[in-house]
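Asks: Structure file structure36.txt (compact mmCIF, C-alpha atoms) is given on the next line.
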```txt
# COMPACT_ATOMS: atom_id res chain seq x y z
CA MET E 8 10.22 143.36 88.59
CA PRO E 9 9.63 140.63 85.97
CA GLY E 10 8.91 137.18 87.36
CA LEU E 11 7.41 138.38 90.66
CA ALA E 12 3.76 137.54 91.28
CA ARG E 13 1.43 140.46 91.69
CA LYS E 14 0.42 141.00 95.32
CA HIS E 15 -3.23 140.45 96.10
CA ILE E 16 -4.45 142.91 98.72
CA ILE E 17 -7.74 142.28 100.50
CA GLY E 18 -9.78 144.63 102.63
CA GLY E 19 -12.07 143.37 105.38
CA LEU E 20 -14.61 145.59 107.14
CA ASP E 21 -16.83 144.67 110.08
CA ILE E 22 -19.61 147.16 110.85
CA GLY E 23 -20.86 145.82 114.15
CA THR E 24 -23.28 147.03 116.78
CA THR E 25 -20.55 148.33 119.10
CA LYS E 26 -17.42 148.74 116.96
CA VAL E 27 -16.15 149.15 113.42
CA VAL E 28 -13.03 147.17 112.51
CA SER E 29 -11.05 147.35 109.29
CA VAL E 30 -8.27 145.01 108.18
CA ILE E 31 -5.98 145.15 105.17
CA ALA E 32 -4.22 141.89 104.31
CA GLU E 33 -2.15 140.29 101.60
CA ALA E 34 -3.16 136.87 100.28
CA GLY E 35 -0.48 134.39 101.27
CA LEU E 36 0.22 130.77 100.39
CA HIS E 37 -2.89 128.54 100.29
CA GLY E 38 -5.11 131.58 100.88
CA HIS E 39 -3.78 132.30 104.38
CA PRO E 40 -3.86 136.12 104.63
CA VAL E 41 -1.02 138.12 106.11
CA ILE E 42 -2.30 141.10 108.10
CA LYS E 43 -0.75 144.40 106.99
CA GLY E 44 -2.96 147.00 108.61
CA TRP E 45 -5.60 147.22 111.33
CA GLY E 46 -8.04 149.88 112.50
CA GLU E 47 -10.74 149.86 115.16
CA CYS E 48 -13.09 152.45 116.66
CA ALA E 49 -16.48 152.69 118.37
CA ALA E 50 -19.49 152.31 116.09
CA LEU E 51 -21.16 155.70 116.55
CA GLY E 52 -24.61 156.27 115.13
CA ILE E 53 -25.86 152.70 115.70
CA ARG E 54 -28.31 151.68 118.40
CA LYS E 55 -29.47 148.09 118.85
CA GLY E 56 -28.18 147.24 115.40
CA VAL E 57 -30.09 150.07 113.69
CA VAL E 58 -28.44 153.12 112.10
CA ILE E 59 -29.76 156.28 113.73
CA ASP E 60 -27.08 158.73 112.58
CA LYS E 61 -25.53 158.00 109.18
CA THR E 62 -23.04 160.87 109.44
CA SER E 63 -21.56 159.63 112.71
CA LEU E 64 -21.40 156.07 111.43
CA GLY E 65 -19.76 157.24 108.20
CA LYS E 66 -17.06 158.96 110.26
CA SER E 67 -16.52 155.79 112.32
CA ILE E 68 -16.08 153.71 109.16
CA ALA E 69 -13.73 156.27 107.61
CA HIS E 70 -11.66 156.42 110.80
CA ALA E 71 -11.27 152.63 111.08
CA VAL E 72 -10.38 152.32 107.38
CA GLY E 73 -7.94 155.23 107.61
CA MET E 74 -6.13 153.62 110.54
CA ALA E 75 -5.74 150.34 108.64
CA GLN E 76 -4.49 152.15 105.54
CA ALA E 77 -1.94 154.14 107.53
CA MET E 78 -0.57 151.01 109.22
CA ALA E 79 -0.42 149.07 105.96
CA GLY E 80 0.96 151.96 103.94
CA LEU E 81 -1.70 151.19 101.35
CA SER E 82 -4.81 152.95 100.12
CA ILE E 83 -7.65 150.67 99.06
CA LYS E 84 -11.35 151.38 98.67
CA GLU E 85 -12.91 147.95 98.06
CA PHE E 86 -13.78 145.82 101.09
CA TYR E 87 -15.51 142.58 101.92
CA CYS E 88 -17.96 143.60 104.62
CA SER E 89 -19.72 141.86 107.50
CA LEU E 90 -22.96 143.35 108.81
CA PRO E 91 -25.28 142.60 111.76
CA TYR E 92 -27.93 141.19 109.43
CA ALA E 93 -29.61 137.81 109.21
CA SER E 94 -28.80 136.67 105.68
CA GLN E 95 -30.28 133.81 103.74
CA PRO E 96 -28.40 130.56 104.39
CA ALA E 97 -26.42 131.14 101.16
CA GLY E 98 -24.47 133.72 103.14
CA THR E 99 -24.31 136.90 101.11
CA CYS E 100 -26.69 139.75 101.87
CA GLU E 101 -27.78 142.99 100.28
CA ILE E 102 -27.52 146.36 102.02
CA THR E 103 -31.19 147.34 102.19
CA ASP E 104 -30.80 149.95 104.95
CA VAL E 105 -30.58 153.30 103.15
CA GLN E 106 -28.95 154.96 106.16
CA LEU E 107 -26.26 152.29 106.28
CA TYR E 108 -25.69 152.46 102.53
CA GLU E 109 -25.22 156.23 102.69
CA ALA E 110 -22.92 155.99 105.73
CA ILE E 111 -20.66 153.61 103.80
CA ALA E 112 -20.69 155.94 100.78
CA MET E 113 -19.79 158.91 103.02
CA ALA E 114 -16.73 156.98 104.19
CA GLY E 115 -15.55 156.61 100.60
CA VAL E 116 -15.74 152.82 100.77
CA THR E 117 -16.99 150.40 98.14
CA ILE E 118 -18.41 147.08 99.30
CA ARG E 119 -17.25 144.21 97.16
CA GLN E 120 -19.46 141.66 98.88
CA ALA E 121 -21.49 141.80 102.09
CA PHE E 122 -22.18 138.97 104.49
CA SER E 123 -24.09 138.44 107.69
CA SER E 124 -21.65 138.84 110.58
CA VAL E 125 -22.28 135.30 111.81
CA ILE E 126 -21.50 133.85 108.36
CA ALA E 127 -18.37 136.01 108.25
CA SER E 128 -17.34 134.65 111.66
CA ALA E 129 -17.87 131.10 110.43
CA GLU E 130 -15.27 131.70 107.70
CA ALA E 131 -12.69 132.36 110.41
CA ILE E 132 -13.85 129.96 113.12
CA LEU E 133 -15.22 126.78 111.53
CA ASN E 134 -13.00 124.34 109.68
CA HIS E 135 -13.95 121.85 106.99
CA THR E 136 -14.86 119.16 109.52
CA HIS E 137 -17.07 121.46 111.61
CA LYS E 138 -19.10 122.41 108.56
CA HIS E 139 -19.61 118.83 107.42
CA ILE E 140 -20.46 116.99 110.63
CA GLY E 141 -23.03 119.55 111.79
CA THR E 142 -22.14 122.48 114.04
CA VAL E 143 -23.89 125.50 115.54
CA LEU E 144 -21.97 128.78 115.64
CA ILE E 145 -23.24 131.34 118.16
CA ASP E 146 -21.83 134.84 117.67
CA LEU E 147 -22.36 136.69 120.96
CA GLY E 148 -22.24 140.33 119.96
CA GLY E 149 -22.99 143.51 121.86
CA ALA E 150 -26.60 144.21 120.88
CA LEU E 151 -27.32 141.09 118.79
CA THR E 152 -26.62 137.37 118.90
CA GLY E 153 -26.09 135.63 115.58
CA LEU E 154 -26.79 131.94 114.94
CA ALA E 155 -25.58 129.80 112.05
CA VAL E 156 -26.09 126.07 111.63
CA TYR E 157 -23.76 124.22 109.26
CA ASN E 158 -24.31 120.71 107.96
CA GLN E 159 -22.89 118.79 105.02
CA GLY E 160 -20.54 121.70 104.37
CA GLU E 161 -23.17 124.42 103.98
CA PRO E 162 -25.04 126.91 106.20
CA VAL E 163 -28.60 125.60 106.54
CA LEU E 164 -29.93 128.18 109.00
CA THR E 165 -29.04 131.73 110.08
CA ARG E 166 -30.77 133.92 112.64
CA MET E 167 -30.17 137.20 114.47
CA LEU E 168 -31.62 137.60 117.96
CA PRO E 169 -32.12 141.10 119.44
CA VAL E 170 -30.15 140.44 122.62
CA GLY E 171 -26.44 140.44 123.41
CA SER E 172 -23.75 141.03 126.01
CA GLU E 173 -24.57 144.76 126.24
CA HIS E 174 -27.85 143.77 127.87
CA ILE E 175 -25.89 142.18 130.73
CA THR E 176 -24.01 145.46 131.17
CA SER E 177 -27.27 147.44 131.15
CA ASP E 178 -28.85 145.12 133.72
CA LEU E 179 -25.89 145.58 136.06
CA ALA E 180 -25.93 149.36 135.66
CA LEU E 181 -29.68 149.55 136.30
CA CYS E 182 -29.93 147.11 139.20
CA LEU E 183 -26.77 148.33 140.95
CA ARG E 184 -27.55 152.02 140.24
CA THR E 185 -24.23 152.73 138.57
CA SER E 186 -22.84 153.73 135.18
CA LEU E 187 -22.64 151.58 132.06
CA SER E 188 -18.86 151.70 132.15
CA GLU E 189 -18.92 150.41 135.73
CA GLY E 190 -21.40 147.72 134.73
CA GLU E 191 -19.05 146.63 131.94
CA ARG E 192 -16.11 146.51 134.35
CA ILE E 193 -18.04 144.34 136.81
CA LYS E 194 -19.22 142.02 134.04
CA ARG E 195 -15.69 141.45 132.77
CA SER E 196 -14.09 140.99 136.17
CA LEU E 197 -16.75 138.77 137.72
CA GLY E 198 -18.25 136.89 134.79
CA LEU E 199 -20.27 133.79 135.59
CA LEU E 200 -17.89 132.43 138.20
CA ARG E 201 -19.75 132.16 141.50
CA PRO E 202 -17.99 134.31 144.14
CA ASP E 203 -17.69 133.41 147.80
CA SER E 204 -20.69 134.58 149.83
CA SER E 205 -18.49 136.94 151.84
CA THR E 206 -16.97 138.68 148.78
CA THR E 207 -18.04 142.28 148.18
CA LEU E 208 -17.71 144.75 145.33
CA THR E 209 -17.03 148.47 145.57
CA ILE E 210 -19.20 150.22 143.01
CA SER E 211 -18.69 153.76 141.77
CA GLY E 212 -21.61 156.08 142.40
CA VAL E 213 -23.20 158.28 139.72
CA GLY E 214 -24.47 161.83 139.86
CA GLY E 215 -22.14 162.78 142.68
CA ARG E 216 -23.17 159.87 144.88
CA ALA E 217 -20.58 158.14 147.04
CA ASN E 218 -19.17 154.72 146.23
CA ARG E 219 -21.10 151.77 147.62
CA THR E 220 -20.29 148.22 148.64
CA VAL E 221 -22.56 145.38 147.52
CA PRO E 222 -22.32 141.58 147.79
CA ALA E 223 -20.56 140.12 144.75
CA CYS E 224 -23.23 137.40 144.66
CA THR E 225 -25.83 140.05 143.84
CA ALA E 226 -23.94 141.09 140.71
CA SER E 227 -23.28 137.44 139.87
CA ASP E 228 -27.00 136.65 139.97
CA ILE E 229 -27.74 139.53 137.58
CA ILE E 230 -25.12 138.32 135.08
CA LYS E 231 -26.31 134.72 135.31
CA SER E 232 -29.99 135.61 134.90
CA ARG E 233 -29.49 137.53 131.66
CA SER E 234 -26.99 135.01 130.29
CA GLN E 235 -29.46 132.19 130.87
CA GLU E 236 -32.15 134.16 129.09
CA ILE E 237 -29.90 134.65 126.05
CA PHE E 238 -29.24 130.93 125.74
CA GLU E 239 -32.89 130.08 126.33
CA LEU E 240 -33.77 132.29 123.35
CA VAL E 241 -30.98 130.68 121.31
CA TYR E 242 -32.22 127.19 122.18
CA GLN E 243 -35.80 128.07 121.26
CA ALA E 244 -34.76 129.57 117.91
CA LEU E 245 -32.64 126.54 117.02
CA SER E 246 -34.97 123.79 118.24
CA GLN E 247 -37.73 125.03 115.93
CA HIS E 248 -35.63 124.12 112.90
CA VAL E 249 -32.93 121.58 113.82
CA ARG E 250 -32.39 118.66 116.16
CA LEU E 251 -29.38 119.68 118.20
CA ALA E 252 -28.59 116.10 119.20
CA SER E 253 -27.97 115.25 115.54
CA LEU E 254 -25.25 117.92 115.15
CA THR E 255 -22.05 116.08 116.02
CA GLY E 256 -19.95 119.25 116.16
CA GLY E 257 -21.99 120.70 119.03
CA VAL E 258 -21.89 124.45 119.70
CA ILE E 259 -19.02 126.85 119.13
CA LEU E 260 -19.11 130.33 120.65
CA THR E 261 -17.50 133.43 119.20
CA GLY E 262 -17.81 137.21 119.50
CA GLY E 263 -17.00 139.40 122.47
CA GLY E 264 -19.57 137.70 124.70
CA SER E 265 -17.73 134.39 124.36
CA LEU E 266 -14.95 135.80 126.56
CA LEU E 267 -17.22 136.09 129.59
CA LYS E 268 -15.75 133.96 132.38
CA GLY E 269 -17.68 130.73 132.84
CA ILE E 270 -19.77 131.16 129.67
CA VAL E 271 -18.85 127.73 128.26
CA ASP E 272 -20.16 125.81 131.28
CA LEU E 273 -23.40 127.79 131.39
CA ALA E 274 -23.97 127.39 127.65
CA ALA E 275 -23.32 123.63 127.82
CA CYS E 276 -25.87 123.31 130.61
CA GLN E 277 -28.49 125.42 128.81
CA MET E 278 -27.95 123.85 125.36
CA ASN E 279 -27.42 120.29 126.65
CA CYS E 280 -24.56 119.62 124.23
CA PRO E 281 -20.77 120.11 123.97
CA VAL E 282 -19.71 123.78 123.85
CA ALA E 283 -16.35 125.39 123.08
CA VAL E 284 -15.01 128.86 122.27
CA GLY E 285 -13.73 129.22 118.72
CA HIS E 286 -10.70 131.25 117.62
CA PRO E 287 -9.80 132.43 114.11
CA VAL E 288 -7.65 129.99 112.14
CA LYS E 289 -5.38 130.07 109.08
CA LEU E 290 -4.14 133.59 109.73
CA ALA E 291 -0.61 134.97 109.65
CA MET E 292 -0.56 137.62 112.39
CA SER E 293 2.17 139.26 114.41
CA GLN E 294 -0.08 140.19 117.36
CA GLU E 295 -1.68 137.39 119.34
CA GLU E 296 -4.69 139.45 120.40
CA TRP E 297 -5.85 139.74 116.79
CA GLY E 298 -6.70 136.05 116.99
CA SER E 299 -9.39 136.78 119.58
CA PRO E 300 -12.98 135.70 118.82
CA VAL E 301 -13.85 139.41 119.17
CA TYR E 302 -12.43 139.90 115.66
CA ALA E 303 -13.79 136.76 114.01
CA SER E 304 -16.14 138.58 111.60
CA VAL E 305 -13.58 140.93 110.07
CA LEU E 306 -10.93 138.20 109.88
CA GLY E 307 -13.47 135.95 108.19
CA MET E 308 -13.84 138.57 105.49
CA VAL E 309 -10.12 138.74 104.67
CA LEU E 310 -9.98 134.93 104.71
CA TYR E 311 -12.83 134.81 102.23
CA GLY E 312 -11.18 137.42 100.04
CA ALA E 313 -7.81 135.67 100.20
CA LYS E 314 -9.33 132.36 99.15
CA GLY E 315 -11.00 134.12 96.24
CA SER E 316 -7.68 135.61 95.16
CA THR E 317 -6.05 132.19 95.28
CA ARG E 318 -8.78 130.68 93.14
CA ARG E 319 -8.59 133.50 90.58
CA THR E 320 -4.82 133.33 90.17
CA GLY E 321 -4.75 129.54 90.11
CA ASN E 322 -1.99 129.33 92.72
CA GLN E 323 -3.24 126.00 94.04
CA THR E 324 -2.80 123.59 91.17
CA GLY E 325 -1.21 120.18 90.87
CA TRP E 326 0.75 119.14 93.94
CA ARG E 327 0.02 122.46 95.74
CA GLU E 328 -3.71 121.79 95.54
CA VAL E 329 -3.29 118.25 96.89
CA ILE E 330 -1.09 119.36 99.79
CA SER E 331 -3.40 122.27 100.69
CA ARG E 332 -6.23 119.84 101.43
CA PHE E 333 -4.26 118.48 104.38
CA ILE E 334 -3.17 121.84 105.85
```
Output the file's structure as structure tokens, nothing else.

Replies:
Amino acid sequence: MPGLARKHIIGGLDIGTTKVVSVIAEAGLHGHPVIKGWGECAALGIRKGVVIDKTSLGKSIAHAVGMAQAMAGLSIKEFYCSLPYASQPAGTCEITDVQLYEAIAMAGVTIRQAFSSVIASAEAILNHTHKHIGTVLIDLGGALTGLAVYNQGEPVLTRMLPVGSEHITSDLALCLRTSLSEGERIKRSLGLLRPDSSTTLTISGVGGRANRTVPACTASDIIKSRSQEIFELVYQALSQHVRLASLTGGVILTGGGSLLKGIVDLAACQMNCPVAVGHPVKLAMSQEEWGSPVYASVLGMVLYGAKGSTRRTGNQTGWREVISRFI
């Protein structure tokens, strides 16, 4: 119909170490995307951040994208993509893994731009002030932990560490002689909150073994030990390049690992600075759970794409541009 602005549709794709998430959104006022479709599935064919089966991964990507397309009632092929890579501080990265490149091609997807997952998360989590006063973003993923330091509005350091919340699950499964799924359940229910010394846990046996009862403190010690190690590695990686005390914004946590009970207090103790959990901002969503830090990377991609659409169409000019600075 004449006079109506053309809709700008953006695709966001997060190929993580444990899951693949696809989002289709429409660029709204001031670049705030409106979510139209959503798809999520397990990231098959990836182990410890490395593609070991391109066919399985290609199917995972295609499935997540297909779910988002079906919900949105739209078929798009171009996506802004976040990957578990350590990019240069500029943010964008090239897909150098041939297996990953071919898996994406198998899914029938074209990557418009690719970013390190931690830089993608920063698009959704950090605001203008965070980026200018100096802030560390820690993306606690499944197999990897991403680090990004922002100062004066730009990323000045990015790193990927080969440890994540899956390692806590593995430790619990190994030490308590149970399954990974049981280890994950214990991790989520107990977290880092210290249980009473008399509290016990009933743990499912494996291989036909009977259930067992163990002190909850035993599981708590396992979770705490690995969590402390993760933040020790983070602190070492950061302290080699930046002075944490000079970063006024402190540390912001995101990713699935940031939801672990008690993680903020432990991180603050280990990092010796203020710590908070960050949630995606500037998003128009009908389901509250989509604003979880678990989805920061993929939401960062649609935010980036929506801002690009706004710039290209010149929607923010004159008084709109002035007002948008304060929103």

Asks: Which distance in Å separates CA of Pro169 in chain E and CA of Lys138 in chain E, to one decimal?

Replies: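 Separation between CA of Pro169 in chain E and CA of Lys138 in chain E: 25.2 Å.
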
Asks: If I take CA of Leu133 in chain E and CA of Gln277 in chain E, how far is one from the other in Å, to one decimal?

Replies: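 Those two atoms sit 21.8 Å apart.
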
Asks: Quick one: everything within 8 Å of Gly285 in chain E, counting only C-alpha atoms, minus sequence neighbours fewer than 6 positions away in the same chain. Send it as a list in words.

Replies: Ile132, Leu133, Ile259, Leu260, Thr261 and Pro300 of chain E

Asks: Determine, counting only C-alpha atoms, which protein, DNA and RNA residues have an atom within 10 Å of an atom of Leu306 in chain E; residues of the same chain fewer than 4 positions away are not included. Present the result as a PyMOL selection string.

Replies: chain E and resi 18-21+28-32+40+42+89+127-132+287-290+297-302+310-312

Asks: Between CA of His139 in chain E and CA of Pro162 in chain E, measure the distance and give it in Å to one decimal.

Replies: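 About the pair CA of His139 in chain E and CA of Pro162 in chain E: they are 9.8 Å apart.
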
Asks: I'd like to know which of E:Thr99, E:Ser63, E:Thr165, E:Ser232 is closest to Phe122 in chain E, using all atoms listed in the file.

Replies: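 Among the listed residues, E:Thr99 lies closest to Phe122 in chain E.
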
Asks: Measuring between only C-alpha atoms, which one of E:Ala252, E:Leu200, E:Leu179, E:Ser265 shows the shortest distance to Ala226 in chain E?

Replies: E:Leu179

Asks: Please report, as lines of an AutoDock Vina configuration file, the centre and edge lengths in Å to one decimal of an axis-aligned box covering all listed atoms of range 72-91 of chain E with 4 Å per side.

Replies:
```
center_x = -12.2
center_y = 148.5
center_z = 104.9
size_x = 34.2
size_y = 21.4
size_z = 21.7
```

Asks: Might you pull out every residue within 9 Å of Thr185 in chain E, with all atoms listed in the file counted and same-chain residues fewer than 5 positions away left off, and present them as a VMD selection string?

Replies: chain E and resid 179 to 180 190 210 to 213

Asks: Under the rule that all atoms listed in the file are counted, which of E:Arg233, E:His248, E:Arg219, E:Gly80 is the nearest residue to Val163 in chain E?

Replies: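 Looking at the shortest contact to Val163 in chain E, the residue is E:His248.
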
Asks: Using all atoms listed in the file, find the one residue out of E:Lys61, E:Ser204, E:Trp45, E:Lys66 that sits nearest to Met78 in chain E.

Replies: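 Among E:Lys61, E:Ser204, E:Trp45, E:Lys66, it is E:Trp45 that comes nearest to Met78 in chain E.
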
Asks: For Val271 in chain E, find every residue with an atom within 8 Å (counting all atoms listed in the file), except residues of its own chain fewer than 6 positions away, and show them as a PyMOL selection string.

Replies: chain E and resi 265+282-284

Asks: Taking into account only C-alpha atoms, which residue in the set E:Leu183, E:Ile111, E:Val170, E:Glu189 is nearest to Thr220 in chain E?

Replies: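 Closest residue, counting only C-alpha atoms: E:Leu183.
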
Asks: When you get a chance, write out all heavy atoms for range 111-122 of chain E, as a PDB file, in the frame of the given file.

Replies:
```pdb
ATOM      1  N   ILE E 111     -21.792 154.248 104.468  1.00  0.00           N
ATOM      2  CA  ILE E 111     -20.660 153.610 103.800  1.00  0.00           C
ATOM      3  C   ILE E 111     -20.143 154.482 102.667  1.00  0.00           C
ATOM      4  O   ILE E 111     -18.927 154.660 102.494  1.00  0.00           O
ATOM      5  CB  ILE E 111     -21.051 152.209 103.290  1.00  0.00           C
ATOM      6  CG1 ILE E 111     -21.328 151.278 104.479  1.00  0.00           C
ATOM      7  CG2 ILE E 111     -19.959 151.620 102.394  1.00  0.00           C
ATOM      8  CD1 ILE E 111     -21.967 149.967 104.095  1.00  0.00           C
ATOM      9  N   ALA E 112     -21.075 155.060 101.894  1.00  0.00           N
ATOM     10  CA  ALA E 112     -20.690 155.940 100.780  1.00  0.00           C
ATOM     11  C   ALA E 112     -19.963 157.179 101.300  1.00  0.00           C
ATOM     12  O   ALA E 112     -18.981 157.637 100.705  1.00  0.00           O
ATOM     13  CB  ALA E 112     -21.930 156.339  99.984  1.00  0.00           C
ATOM     14  N   MET E 113     -20.432 157.735 102.427  1.00  0.00           N
ATOM     15  CA  MET E 113     -19.790 158.910 103.020  1.00  0.00           C
ATOM     16  C   MET E 113     -18.345 158.618 103.406  1.00  0.00           C
ATOM     17  O   MET E 113     -17.486 159.496 103.369  1.00  0.00           O
ATOM     18  CB  MET E 113     -20.561 159.347 104.282  1.00  0.00           C
ATOM     19  CG  MET E 113     -21.870 160.025 104.014  1.00  0.00           C
ATOM     20  SD  MET E 113     -22.696 160.437 105.579  1.00  0.00           S
ATOM     21  CE  MET E 113     -24.188 161.215 104.965  1.00  0.00           C
ATOM     22  N   ALA E 114     -18.076 157.373 103.780  1.00  0.00           N
ATOM     23  CA  ALA E 114     -16.730 156.980 104.190  1.00  0.00           C
ATOM     24  C   ALA E 114     -15.803 156.758 102.995  1.00  0.00           C
ATOM     25  O   ALA E 114     -14.607 156.518 103.174  1.00  0.00           O
ATOM     26  CB  ALA E 114     -16.796 155.719 105.043  1.00  0.00           C
ATOM     27  N   GLY E 115     -16.359 156.814 101.793  1.00  0.00           N
ATOM     28  CA  GLY E 115     -15.550 156.610 100.600  1.00  0.00           C
ATOM     29  C   GLY E 115     -15.181 155.163 100.361  1.00  0.00           C
ATOM     30  O   GLY E 115     -14.169 154.864  99.724  1.00  0.00           O
ATOM     31  N   VAL E 116     -16.017 154.257 100.867  1.00  0.00           N
ATOM     32  CA  VAL E 116     -15.740 152.820 100.770  1.00  0.00           C
ATOM     33  C   VAL E 116     -16.690 152.163  99.782  1.00  0.00           C
ATOM     34  O   VAL E 116     -17.867 152.516  99.719  1.00  0.00           O
ATOM     35  CB  VAL E 116     -15.895 152.158 102.160  1.00  0.00           C
ATOM     36  CG1 VAL E 116     -15.877 150.646 102.062  1.00  0.00           C
ATOM     37  CG2 VAL E 116     -14.798 152.646 103.096  1.00  0.00           C
ATOM     38  N   THR E 117     -16.180 151.221  99.036  1.00  0.00           N
ATOM     39  CA  THR E 117     -16.990 150.400  98.140  1.00  0.00           C
ATOM     40  C   THR E 117     -17.047 148.985  98.682  1.00  0.00           C
ATOM     41  O   THR E 117     -16.010 148.413  99.015  1.00  0.00           O
ATOM     42  CB  THR E 117     -16.401 150.376  96.714  1.00  0.00           C
ATOM     43  OG1 THR E 117     -16.346 151.703  96.204  1.00  0.00           O
ATOM     44  CG2 THR E 117     -17.246 149.515  95.786  1.00  0.00           C
ATOM     45  N   ILE E 118     -18.243 148.436  98.782  1.00  0.00           N
ATOM     46  CA  ILE E 118     -18.410 147.080  99.300  1.00  0.00           C
ATOM     47  C   ILE E 118     -18.367 146.094  98.148  1.00  0.00           C
ATOM     48  O   ILE E 118     -19.197 146.144  97.246  1.00  0.00           O
ATOM     49  CB  ILE E 118     -19.733 146.934 100.074  1.00  0.00           C
ATOM     50  CG1 ILE E 118     -19.783 147.932 101.234  1.00  0.00           C
ATOM     51  CG2 ILE E 118     -19.893 145.507 100.587  1.00  0.00           C
ATOM     52  CD1 ILE E 118     -18.644 147.833 102.209  1.00  0.00           C
ATOM     53  N   ARG E 119     -17.391 145.221  98.204  1.00  0.00           N
ATOM     54  CA  ARG E 119     -17.250 144.210  97.160  1.00  0.00           C
ATOM     55  C   ARG E 119     -18.293 143.114  97.314  1.00  0.00           C
ATOM     56  O   ARG E 119     -18.936 142.698  96.362  1.00  0.00           O
ATOM     57  CB  ARG E 119     -15.849 143.621  97.201  1.00  0.00           C
ATOM     58  CG  ARG E 119     -15.546 142.720  96.036  1.00  0.00           C
ATOM     59  CD  ARG E 119     -14.046 142.564  95.847  1.00  0.00           C
ATOM     60  NE  ARG E 119     -13.756 141.856  94.622  1.00  0.00           N
ATOM     61  CZ  ARG E 119     -12.544 141.733  94.113  1.00  0.00           C
ATOM     62  NH1 ARG E 119     -11.514 142.307  94.732  1.00  0.00           N
ATOM     63  NH2 ARG E 119     -12.336 141.064  93.005  1.00  0.00           N
ATOM     64  N   GLN E 120     -18.418 142.598  98.526  1.00  0.00           N
ATOM     65  CA  GLN E 120     -19.460 141.660  98.880  1.00  0.00           C
ATOM     66  C   GLN E 120     -19.792 141.859 100.350  1.00  0.00           C
ATOM     67  O   GLN E 120     -18.909 142.183 101.145  1.00  0.00           O
ATOM     68  CB  GLN E 120     -19.026 140.201  98.670  1.00  0.00           C
ATOM     69  CG  GLN E 120     -19.232 139.668  97.259  1.00  0.00           C
ATOM     70  CD  GLN E 120     -18.844 138.191  97.157  1.00  0.00           C
ATOM     71  OE1 GLN E 120     -17.677 137.876  96.977  1.00  0.00           O
ATOM     72  NE2 GLN E 120     -19.809 137.307  97.279  1.00  0.00           N
ATOM     73  N   ALA E 121     -21.062 141.657 100.697  1.00  0.00           N
ATOM     74  CA  ALA E 121     -21.490 141.800 102.090  1.00  0.00           C
ATOM     75  C   ALA E 121     -22.034 140.478 102.600  1.00  0.00           C
ATOM     76  O   ALA E 121     -22.686 139.733 101.854  1.00  0.00           O
ATOM     77  CB  ALA E 121     -22.547 142.888 102.208  1.00  0.00           C
ATOM     78  N   PHE E 122     -21.744 140.202 103.869  1.00  0.00           N
ATOM     79  CA  PHE E 122     -22.180 138.970 104.490  1.00  0.00           C
ATOM     80  C   PHE E 122     -22.756 139.268 105.875  1.00  0.00           C
ATOM     81  O   PHE E 122     -22.372 140.232 106.537  1.00  0.00           O
ATOM     82  CB  PHE E 122     -20.997 137.993 104.675  1.00  0.00           C
ATOM     83  CG  PHE E 122     -20.431 137.463 103.395  1.00  0.00           C
ATOM     84  CD1 PHE E 122     -19.556 138.229 102.639  1.00  0.00           C
ATOM     85  CD2 PHE E 122     -20.777 136.206 102.938  1.00  0.00           C
ATOM     86  CE1 PHE E 122     -19.033 137.739 101.451  1.00  0.00           C
ATOM     87  CE2 PHE E 122     -20.257 135.711 101.754  1.00  0.00           C
ATOM     88  CZ  PHE E 122     -19.378 136.479 101.014  1.00  0.00           C
TER      89      PHE E 122
END
```
